[in-house]
file data_8.cif (mmCIF, C-alpha atoms)
data_upload
loop_
_atom_site.label_atom_id
_atom_site.label_comp_id
_atom_site.auth_asym_id
_atom_site.auth_seq_id
_atom_site.Cartn_x
_atom_site.Cartn_y
_atom_site.Cartn_z
CA MET A 997 77.42 10.76 23.90
CA ALA A 998 76.06 12.69 21.04
CA THR A 999 75.70 9.50 19.10
CA ASN A 1000 73.79 7.97 21.97
CA GLU A 1001 71.44 10.90 21.99
CA ILE A 1002 70.87 10.51 18.29
CA GLN A 1003 70.30 6.82 18.72
CA VAL A 1004 67.91 7.48 21.59
CA GLU A 1005 66.05 10.06 19.56
CA GLU A 1006 65.66 7.77 16.59
CA PRO A 1007 63.87 5.04 18.54
CA GLU A 1008 61.58 7.69 20.02
CA VAL A 1009 60.73 8.83 16.51
CA GLU A 1010 60.11 5.24 15.56
CA ASP A 1011 57.93 4.84 18.66
CA ASN A 1012 55.99 7.93 17.63
CA ASP A 1013 55.61 6.44 14.16
CA ALA A 1014 54.42 3.17 15.70
CA GLU A 1015 51.99 5.07 17.93
CA ASP A 1016 50.71 7.05 14.96
CA GLU A 1017 50.38 3.85 12.97
CA SER A 1018 48.43 2.13 15.77
CA LYS A 1019 46.27 5.23 16.18
CA GLY A 1020 45.69 5.19 12.44
CA LYS A 1021 44.58 1.56 12.64
CA LYS A 1022 42.28 2.41 15.56
CA VAL A 1023 40.82 5.35 13.67
CA ALA A 1024 40.38 3.17 10.58
CA LYS A 1025 38.67 0.49 12.68
CA HIS A 1026 36.49 3.14 14.30
CA ASP A 1027 35.60 4.60 10.90
CA ALA A 1028 34.76 1.14 9.57
CA GLY A 1029 32.65 0.43 12.65
CA ALA A 1030 30.88 3.77 12.32
CA ALA A 1031 30.24 3.11 8.63
CA ASP A 1032 28.81 -0.33 9.45
CA LEU A 1033 26.63 1.18 12.17
CA GLU A 1034 25.45 3.83 9.72
CA LYS A 1035 24.51 1.14 7.20
CA VAL A 1036 22.51 -0.77 9.81
CA THR A 1037 20.80 2.41 10.96
CA ASP A 1038 19.93 3.35 7.37
CA TYR A 1039 18.57 -0.14 6.73
CA GLU A 1040 16.37 -0.01 9.83
CA GLU A 1041 15.09 3.46 8.94
CA GLU A 1042 14.24 2.31 5.42
CA LYS A 1043 12.49 -0.74 6.84
CA GLU A 1044 10.45 1.47 9.18
CA ILE A 1045 9.55 3.82 6.33
CA ALA A 1046 8.59 0.89 4.10
CA ALA A 1047 6.46 -0.60 6.88
CA GLN A 1048 4.72 2.75 7.39
CA ASP A 1049 4.12 3.10 3.63
CA ILE A 1050 2.60 -0.38 3.54
CA GLN A 1051 0.34 0.42 6.48
CA ASP A 1052 -0.77 3.65 4.81
CA ALA A 1053 -1.50 1.82 1.55
CA ILE A 1054 -3.50 -0.85 3.36
CA ARG A 1055 -5.46 1.84 5.19
CA VAL A 1056 -6.25 3.63 1.90
CA VAL A 1057 -7.40 0.40 0.25
CA SER A 1058 -9.47 -0.54 3.28
CA ASP A 1059 -11.12 2.90 3.39
CA ARG A 1060 -11.90 2.68 -0.32
CA GLN A 1061 -13.43 -0.78 0.08
CA ASN A 1062 -15.54 0.41 3.01
CA LYS A 1063 -16.79 3.40 1.00
CA GLU A 1064 -17.63 1.17 -1.98
CA ALA A 1065 -19.45 -1.32 0.24
CA LYS A 1066 -21.40 1.48 1.89
CA ALA A 1067 -22.31 2.98 -1.50
CA LYS A 1068 -23.41 -0.43 -2.77
CA HIS A 1069 -25.53 -0.98 0.31
CA GLU A 1070 -27.14 2.45 -0.11
CA LYS A 1071 -27.88 1.71 -3.77
CA GLU A 1072 -29.44 -1.65 -2.89
CA LYS A 1073 -31.53 0.05 -0.24
CA GLU A 1074 -32.68 2.66 -2.75
CA LEU A 1075 -33.49 0.03 -5.40
CA SER A 1076 -35.50 -2.02 -2.93
CA LYS A 1077 -37.81 0.98 -2.43
CA VAL A 1078 -38.70 1.08 -6.14
CA LYS A 1079 -42.07 -0.52 -6.81
CA ILE A 1080 -42.24 -2.76 -9.85
CA ASN A 1081 -45.13 -4.54 -11.48
CA LYS A 1082 -45.02 -8.34 -11.31
CA ASP A 1083 -46.47 -8.57 -14.82
CA ASP A 1084 -43.59 -6.45 -16.14
CA VAL A 1085 -41.06 -8.80 -14.52
CA ASP A 1086 -42.85 -11.82 -16.03
CA TYR A 1087 -42.88 -10.17 -19.45
CA ILE A 1088 -39.11 -9.43 -19.33
CA VAL A 1089 -38.33 -12.98 -18.15
CA GLN A 1090 -40.36 -14.47 -21.03
CA GLU A 1091 -39.12 -12.13 -23.75
CA ILE A 1092 -35.42 -11.84 -22.89
CA GLU A 1093 -35.08 -15.25 -21.22
CA ILE A 1094 -33.14 -14.09 -18.20
CA SER A 1095 -33.50 -14.98 -14.53
CA ARG A 1096 -36.27 -13.44 -12.51
CA SER A 1097 -33.82 -11.76 -10.11
CA ARG A 1098 -31.92 -10.19 -13.01
CA ALA A 1099 -35.17 -8.94 -14.55
CA GLU A 1100 -36.26 -7.44 -11.22
CA ARG A 1101 -32.89 -5.79 -10.71
CA VAL A 1102 -32.83 -4.15 -14.16
CA LEU A 1103 -36.45 -3.08 -13.85
CA ARG A 1104 -35.70 -1.49 -10.45
CA GLU A 1105 -32.61 0.28 -11.87
CA TYR A 1106 -34.83 1.83 -14.53
CA LYS A 1107 -37.46 2.74 -11.92
CA GLY A 1108 -40.05 0.35 -13.26
CA ASN A 1109 -39.87 1.59 -16.87
CA VAL A 1110 -40.23 -1.59 -18.94
CA ILE A 1111 -39.22 0.00 -22.24
CA GLU A 1112 -35.92 1.40 -20.89
CA ALA A 1113 -35.18 -1.92 -19.15
CA LEU A 1114 -35.78 -3.86 -22.37
CA VAL A 1115 -33.62 -1.47 -24.38
CA PHE A 1116 -30.81 -1.91 -21.84
CA LEU A 1117 -31.11 -5.70 -21.87
CA THR A 1118 -31.13 -5.96 -25.65
CA ASN A 1119 -28.11 -3.70 -26.16
#

call {"tool": "encode", "arguments": {"input": "data_8.cif", "output": "structure tokens"}}
result
Amino acid sequence: MATNEIQVEEPEVEDNDAEDESKGKKVAKHDAGAADLEKVTDYEEEKEIAAQDIQDAIRVVSDRQNKEAKAKHEKEKELSKVKINKDDVDYIVQEIEISRSRAERVLREYKGNVIEALVFLTN
């Protein structure tokens, strides 16, 4: 009977080994599944961060464009208030041979000073 007990014990040990082996496979599968899930989670987080960075960049560019447009509008408004002499515009158009609108613009930028406008246009 002692041999039977030994034989009985050996299969139990083998069963324990088989159970451990199957548990090891389950743990390995679980670890692989967890690793895959972690990769997907990381990818989604990176995608969210990238999307947020893009939105922030677009917002910054948009704000900058709005500020530039507002500044340009303010400058145009200021230049339109400057009084210029029609004879000065005619003189610049004849001498430098540029368009009337360009001559008016430069003359307004130099606050009606013909000499400064001519110096700017010739340089």

call {"tool": "residues_around", "arguments": {"input": "data_8.cif", "residues": "Lys1077 (chain A)", "least_positions_apart": "3", "cutoff": "12 Å", "atoms": "all atoms listed in the file", "output": "compact mmCIF listing (two decimals) with C-alpha atoms, keeping the file's coordinate frame"}}
result
# COMPACT_ATOMS: atom_id res chain seq x y z
CA GLU A 1070 -27.14 2.45 -0.11
CA LYS A 1071 -27.88 1.71 -3.77
CA GLU A 1072 -29.44 -1.65 -2.89
CA LYS A 1073 -31.53 0.05 -0.24
CA GLU A 1074 -32.68 2.66 -2.75
CA ILE A 1080 -42.24 -2.76 -9.85
CA ARG A 1101 -32.89 -5.79 -10.71
CA ARG A 1104 -35.70 -1.49 -10.45
CA GLU A 1105 -32.61 0.28 -11.87
CA LYS A 1107 -37.46 2.74 -11.92
CA GLY A 1108 -40.05 0.35 -13.26

call {"tool": "atom_distance", "arguments": {"input": "data_8.cif", "atom1": "CA of Asp1084 (chain A)", "atom2": "CA of Glu1100 (chain A)"}}
result
8.9 Å

call {"tool": "atom_distance", "arguments": {"input": "data_8.cif", "atom1": "CA of Leu1117 (chain A)", "atom2": "CA of Ile1092 (chain A)"}}
result
7.6 Å

call {"tool": "atom_distance", "arguments": {"input": "data_8.cif", "atom1": "CA of Ala1099 (chain A)", "atom2": "CA of Tyr1087 (chain A)"}}
result
9.2 Å

call {"tool": "decode", "arguments": {"input": "data_8.cif", "residues": "region 1085-1117 of chain A", "atoms": "N, CA, C and O atoms", "output": "PDB file, in the first residue's frame"}}
result
ATOM      1  N   VAL A1085      -0.135 115.806 -52.271  1.00  0.00           N
ATOM      2  CA  VAL A1085      -0.365 114.472 -52.839  1.00  0.00           C
ATOM      3  C   VAL A1085      -0.067 114.506 -54.335  1.00  0.00           C
ATOM      4  O   VAL A1085       0.631 113.618 -54.863  1.00  0.00           O
ATOM      5  N   ASP A1086      -0.573 115.534 -55.025  1.00  0.00           N
ATOM      6  CA  ASP A1086      -0.326 115.668 -56.466  1.00  0.00           C
ATOM      7  C   ASP A1086       1.175 115.775 -56.755  1.00  0.00           C
ATOM      8  O   ASP A1086       1.676 115.163 -57.710  1.00  0.00           O
ATOM      9  N   TYR A1087       1.871 116.547 -55.956  1.00  0.00           N
ATOM     10  CA  TYR A1087       3.299 116.730 -56.147  1.00  0.00           C
ATOM     11  C   TYR A1087       4.036 115.382 -56.007  1.00  0.00           C
ATOM     12  O   TYR A1087       4.886 115.040 -56.832  1.00  0.00           O
ATOM     13  N   ILE A1088       3.719 114.619 -54.957  1.00  0.00           N
ATOM     14  CA  ILE A1088       4.370 113.314 -54.743  1.00  0.00           C
ATOM     15  C   ILE A1088       4.054 112.366 -55.894  1.00  0.00           C
ATOM     16  O   ILE A1088       4.934 111.660 -56.396  1.00  0.00           O
ATOM     17  N   VAL A1089       2.808 112.340 -56.355  1.00  0.00           N
ATOM     18  CA  VAL A1089       2.412 111.453 -57.457  1.00  0.00           C
ATOM     19  C   VAL A1089       3.207 111.801 -58.712  1.00  0.00           C
ATOM     20  O   VAL A1089       3.696 110.903 -59.420  1.00  0.00           O
ATOM     21  N   GLN A1090       3.376 113.094 -59.002  1.00  0.00           N
ATOM     22  CA  GLN A1090       4.105 113.521 -60.198  1.00  0.00           C
ATOM     23  C   GLN A1090       5.603 113.244 -60.073  1.00  0.00           C
ATOM     24  O   GLN A1090       6.231 112.765 -61.019  1.00  0.00           O
ATOM     25  N   GLU A1091       6.188 113.529 -58.933  1.00  0.00           N
ATOM     26  CA  GLU A1091       7.622 113.420 -58.767  1.00  0.00           C
ATOM     27  C   GLU A1091       8.101 111.968 -58.608  1.00  0.00           C
ATOM     28  O   GLU A1091       9.108 111.591 -59.203  1.00  0.00           O
ATOM     29  N   ILE A1092       7.399 111.186 -57.829  1.00  0.00           N
ATOM     30  CA  ILE A1092       7.850 109.820 -57.534  1.00  0.00           C
ATOM     31  C   ILE A1092       7.196 108.807 -58.473  1.00  0.00           C
ATOM     32  O   ILE A1092       7.645 107.671 -58.579  1.00  0.00           O
ATOM     33  N   GLU A1093       6.140 109.193 -59.114  1.00  0.00           N
ATOM     34  CA  GLU A1093       5.381 108.334 -60.025  1.00  0.00           C
ATOM     35  C   GLU A1093       4.866 107.082 -59.315  1.00  0.00           C
ATOM     36  O   GLU A1093       5.167 105.947 -59.687  1.00  0.00           O
ATOM     37  N   ILE A1094       4.100 107.330 -58.276  1.00  0.00           N
ATOM     38  CA  ILE A1094       3.432 106.245 -57.555  1.00  0.00           C
ATOM     39  C   ILE A1094       1.931 106.511 -57.588  1.00  0.00           C
ATOM     40  O   ILE A1094       1.487 107.582 -58.022  1.00  0.00           O
ATOM     41  N   SER A1095       1.162 105.547 -57.142  1.00  0.00           N
ATOM     42  CA  SER A1095      -0.294 105.715 -57.156  1.00  0.00           C
ATOM     43  C   SER A1095      -0.719 106.780 -56.146  1.00  0.00           C
ATOM     44  O   SER A1095      -0.017 107.065 -55.175  1.00  0.00           O
ATOM     45  N   ARG A1096      -1.862 107.330 -56.387  1.00  0.00           N
ATOM     46  CA  ARG A1096      -2.394 108.377 -55.533  1.00  0.00           C
ATOM     47  C   ARG A1096      -2.643 107.828 -54.113  1.00  0.00           C
ATOM     48  O   ARG A1096      -2.332 108.494 -53.133  1.00  0.00           O
ATOM     49  N   SER A1097      -3.185 106.618 -54.030  1.00  0.00           N
ATOM     50  CA  SER A1097      -3.488 106.052 -52.712  1.00  0.00           C
ATOM     51  C   SER A1097      -2.202 105.812 -51.908  1.00  0.00           C
ATOM     52  O   SER A1097      -2.159 106.045 -50.703  1.00  0.00           O
ATOM     53  N   ARG A1098      -1.150 105.375 -52.589  1.00  0.00           N
ATOM     54  CA  ARG A1098       0.133 105.161 -51.930  1.00  0.00           C
ATOM     55  C   ARG A1098       0.697 106.500 -51.456  1.00  0.00           C
ATOM     56  O   ARG A1098       1.229 106.603 -50.339  1.00  0.00           O
ATOM     57  N   ALA A1099       0.609 107.517 -52.281  1.00  0.00           N
ATOM     58  CA  ALA A1099       1.110 108.845 -51.910  1.00  0.00           C
ATOM     59  C   ALA A1099       0.341 109.386 -50.701  1.00  0.00           C
ATOM     60  O   ALA A1099       0.942 109.925 -49.761  1.00  0.00           O
ATOM     61  N   GLU A1100      -0.975 109.211 -50.705  1.00  0.00           N
ATOM     62  CA  GLU A1100      -1.779 109.668 -49.569  1.00  0.00           C
ATOM     63  C   GLU A1100      -1.402 108.920 -48.293  1.00  0.00           C
ATOM     64  O   GLU A1100      -1.285 109.525 -47.232  1.00  0.00           O
ATOM     65  N   ARG A1101      -1.236 107.630 -48.429  1.00  0.00           N
ATOM     66  CA  ARG A1101      -0.908 106.793 -47.260  1.00  0.00           C
ATOM     67  C   ARG A1101       0.420 107.235 -46.635  1.00  0.00           C
ATOM     68  O   ARG A1101       0.508 107.428 -45.422  1.00  0.00           O
ATOM     69  N   VAL A1102       1.455 107.379 -47.458  1.00  0.00           N
ATOM     70  CA  VAL A1102       2.775 107.764 -46.950  1.00  0.00           C
ATOM     71  C   VAL A1102       2.715 109.168 -46.356  1.00  0.00           C
ATOM     72  O   VAL A1102       3.279 109.416 -45.282  1.00  0.00           O
ATOM     73  N   LEU A1103       2.018 110.049 -47.011  1.00  0.00           N
ATOM     74  CA  LEU A1103       1.893 111.420 -46.513  1.00  0.00           C
ATOM     75  C   LEU A1103       1.166 111.439 -45.161  1.00  0.00           C
ATOM     76  O   LEU A1103       1.565 112.151 -44.240  1.00  0.00           O
ATOM     77  N   ARG A1104       0.146 110.611 -45.012  1.00  0.00           N
ATOM     78  CA  ARG A1104      -0.570 110.511 -43.728  1.00  0.00           C
ATOM     79  C   ARG A1104       0.342 109.907 -42.647  1.00  0.00           C
ATOM     80  O   ARG A1104       0.304 110.341 -41.497  1.00  0.00           O
ATOM     81  N   GLU A1105       1.145 108.900 -43.016  1.00  0.00           N
ATOM     82  CA  GLU A1105       2.042 108.280 -42.039  1.00  0.00           C
ATOM     83  C   GLU A1105       3.062 109.283 -41.513  1.00  0.00           C
ATOM     84  O   GLU A1105       3.486 109.196 -40.366  1.00  0.00           O
ATOM     85  N   TYR A1106       3.450 110.232 -42.349  1.00  0.00           N
ATOM     86  CA  TYR A1106       4.399 111.259 -41.936  1.00  0.00           C
ATOM     87  C   TYR A1106       3.694 112.549 -41.555  1.00  0.00           C
ATOM     88  O   TYR A1106       4.286 113.621 -41.566  1.00  0.00           O
ATOM     89  N   LYS A1107       2.430 112.433 -41.199  1.00  0.00           N
ATOM     90  CA  LYS A1107       1.612 113.526 -40.666  1.00  0.00           C
ATOM     91  C   LYS A1107       1.605 114.768 -41.549  1.00  0.00           C
ATOM     92  O   LYS A1107       1.640 115.902 -41.063  1.00  0.00           O
ATOM     93  N   GLY A1108       1.589 114.520 -42.846  1.00  0.00           N
ATOM     94  CA  GLY A1108       1.476 115.612 -43.801  1.00  0.00           C
ATOM     95  C   GLY A1108       2.797 116.276 -44.150  1.00  0.00           C
ATOM     96  O   GLY A1108       2.825 117.230 -44.929  1.00  0.00           O
ATOM     97  N   ASN A1109       3.903 115.823 -43.622  1.00  0.00           N
ATOM     98  CA  ASN A1109       5.211 116.402 -43.892  1.00  0.00           C
ATOM     99  C   ASN A1109       5.727 115.851 -45.225  1.00  0.00           C
ATOM    100  O   ASN A1109       6.131 114.704 -45.329  1.00  0.00           O
ATOM    101  N   VAL A1110       5.709 116.705 -46.253  1.00  0.00           N
ATOM    102  CA  VAL A1110       6.074 116.298 -47.601  1.00  0.00           C
ATOM    103  C   VAL A1110       7.540 115.873 -47.675  1.00  0.00           C
ATOM    104  O   VAL A1110       7.863 114.880 -48.339  1.00  0.00           O
ATOM    105  N   ILE A1111       8.412 116.617 -47.025  1.00  0.00           N
ATOM    106  CA  ILE A1111       9.840 116.330 -47.108  1.00  0.00           C
ATOM    107  C   ILE A1111      10.146 114.940 -46.532  1.00  0.00           C
ATOM    108  O   ILE A1111      10.836 114.146 -47.175  1.00  0.00           O
ATOM    109  N   GLU A1112       9.610 114.624 -45.355  1.00  0.00           N
ATOM    110  CA  GLU A1112       9.848 113.310 -44.749  1.00  0.00           C
ATOM    111  C   GLU A1112       9.254 112.189 -45.614  1.00  0.00           C
ATOM    112  O   GLU A1112       9.856 111.127 -45.762  1.00  0.00           O
ATOM    113  N   ALA A1113       8.080 112.446 -46.193  1.00  0.00           N
ATOM    114  CA  ALA A1113       7.439 111.450 -47.060  1.00  0.00           C
ATOM    115  C   ALA A1113       8.294 111.197 -48.299  1.00  0.00           C
ATOM    116  O   ALA A1113       8.480 110.048 -48.701  1.00  0.00           O
ATOM    117  N   LEU A1114       8.827 112.255 -48.897  1.00  0.00           N
ATOM    118  CA  LEU A1114       9.670 112.102 -50.080  1.00  0.00           C
ATOM    119  C   LEU A1114      10.963 111.376 -49.746  1.00  0.00           C
ATOM    120  O   LEU A1114      11.427 110.534 -50.520  1.00  0.00           O
ATOM    121  N   VAL A1115      11.547 111.684 -48.609  1.00  0.00           N
ATOM    122  CA  VAL A1115      12.779 111.010 -48.192  1.00  0.00           C
ATOM    123  C   VAL A1115      12.500 109.511 -48.011  1.00  0.00           C
ATOM    124  O   VAL A1115      13.267 108.656 -48.474  1.00  0.00           O
ATOM    125  N   PHE A1116      11.387 109.191 -47.379  1.00  0.00           N
ATOM    126  CA  PHE A1116      11.022 107.778 -47.197  1.00  0.00           C
ATOM    127  C   PHE A1116      10.826 107.080 -48.540  1.00  0.00           C
ATOM    128  O   PHE A1116      11.329 105.969 -48.765  1.00  0.00           O
ATOM    129  N   LEU A1117      10.137 107.715 -49.470  1.00  0.00           N
ATOM    130  CA  LEU A1117       9.838 107.107 -50.755  1.00  0.00           C
ATOM    131  C   LEU A1117      11.071 106.964 -51.633  1.00  0.00           C
ATOM    132  O   LEU A1117      11.130 106.053 -52.479  1.00  0.00           O
TER     133      LEU A1117
END
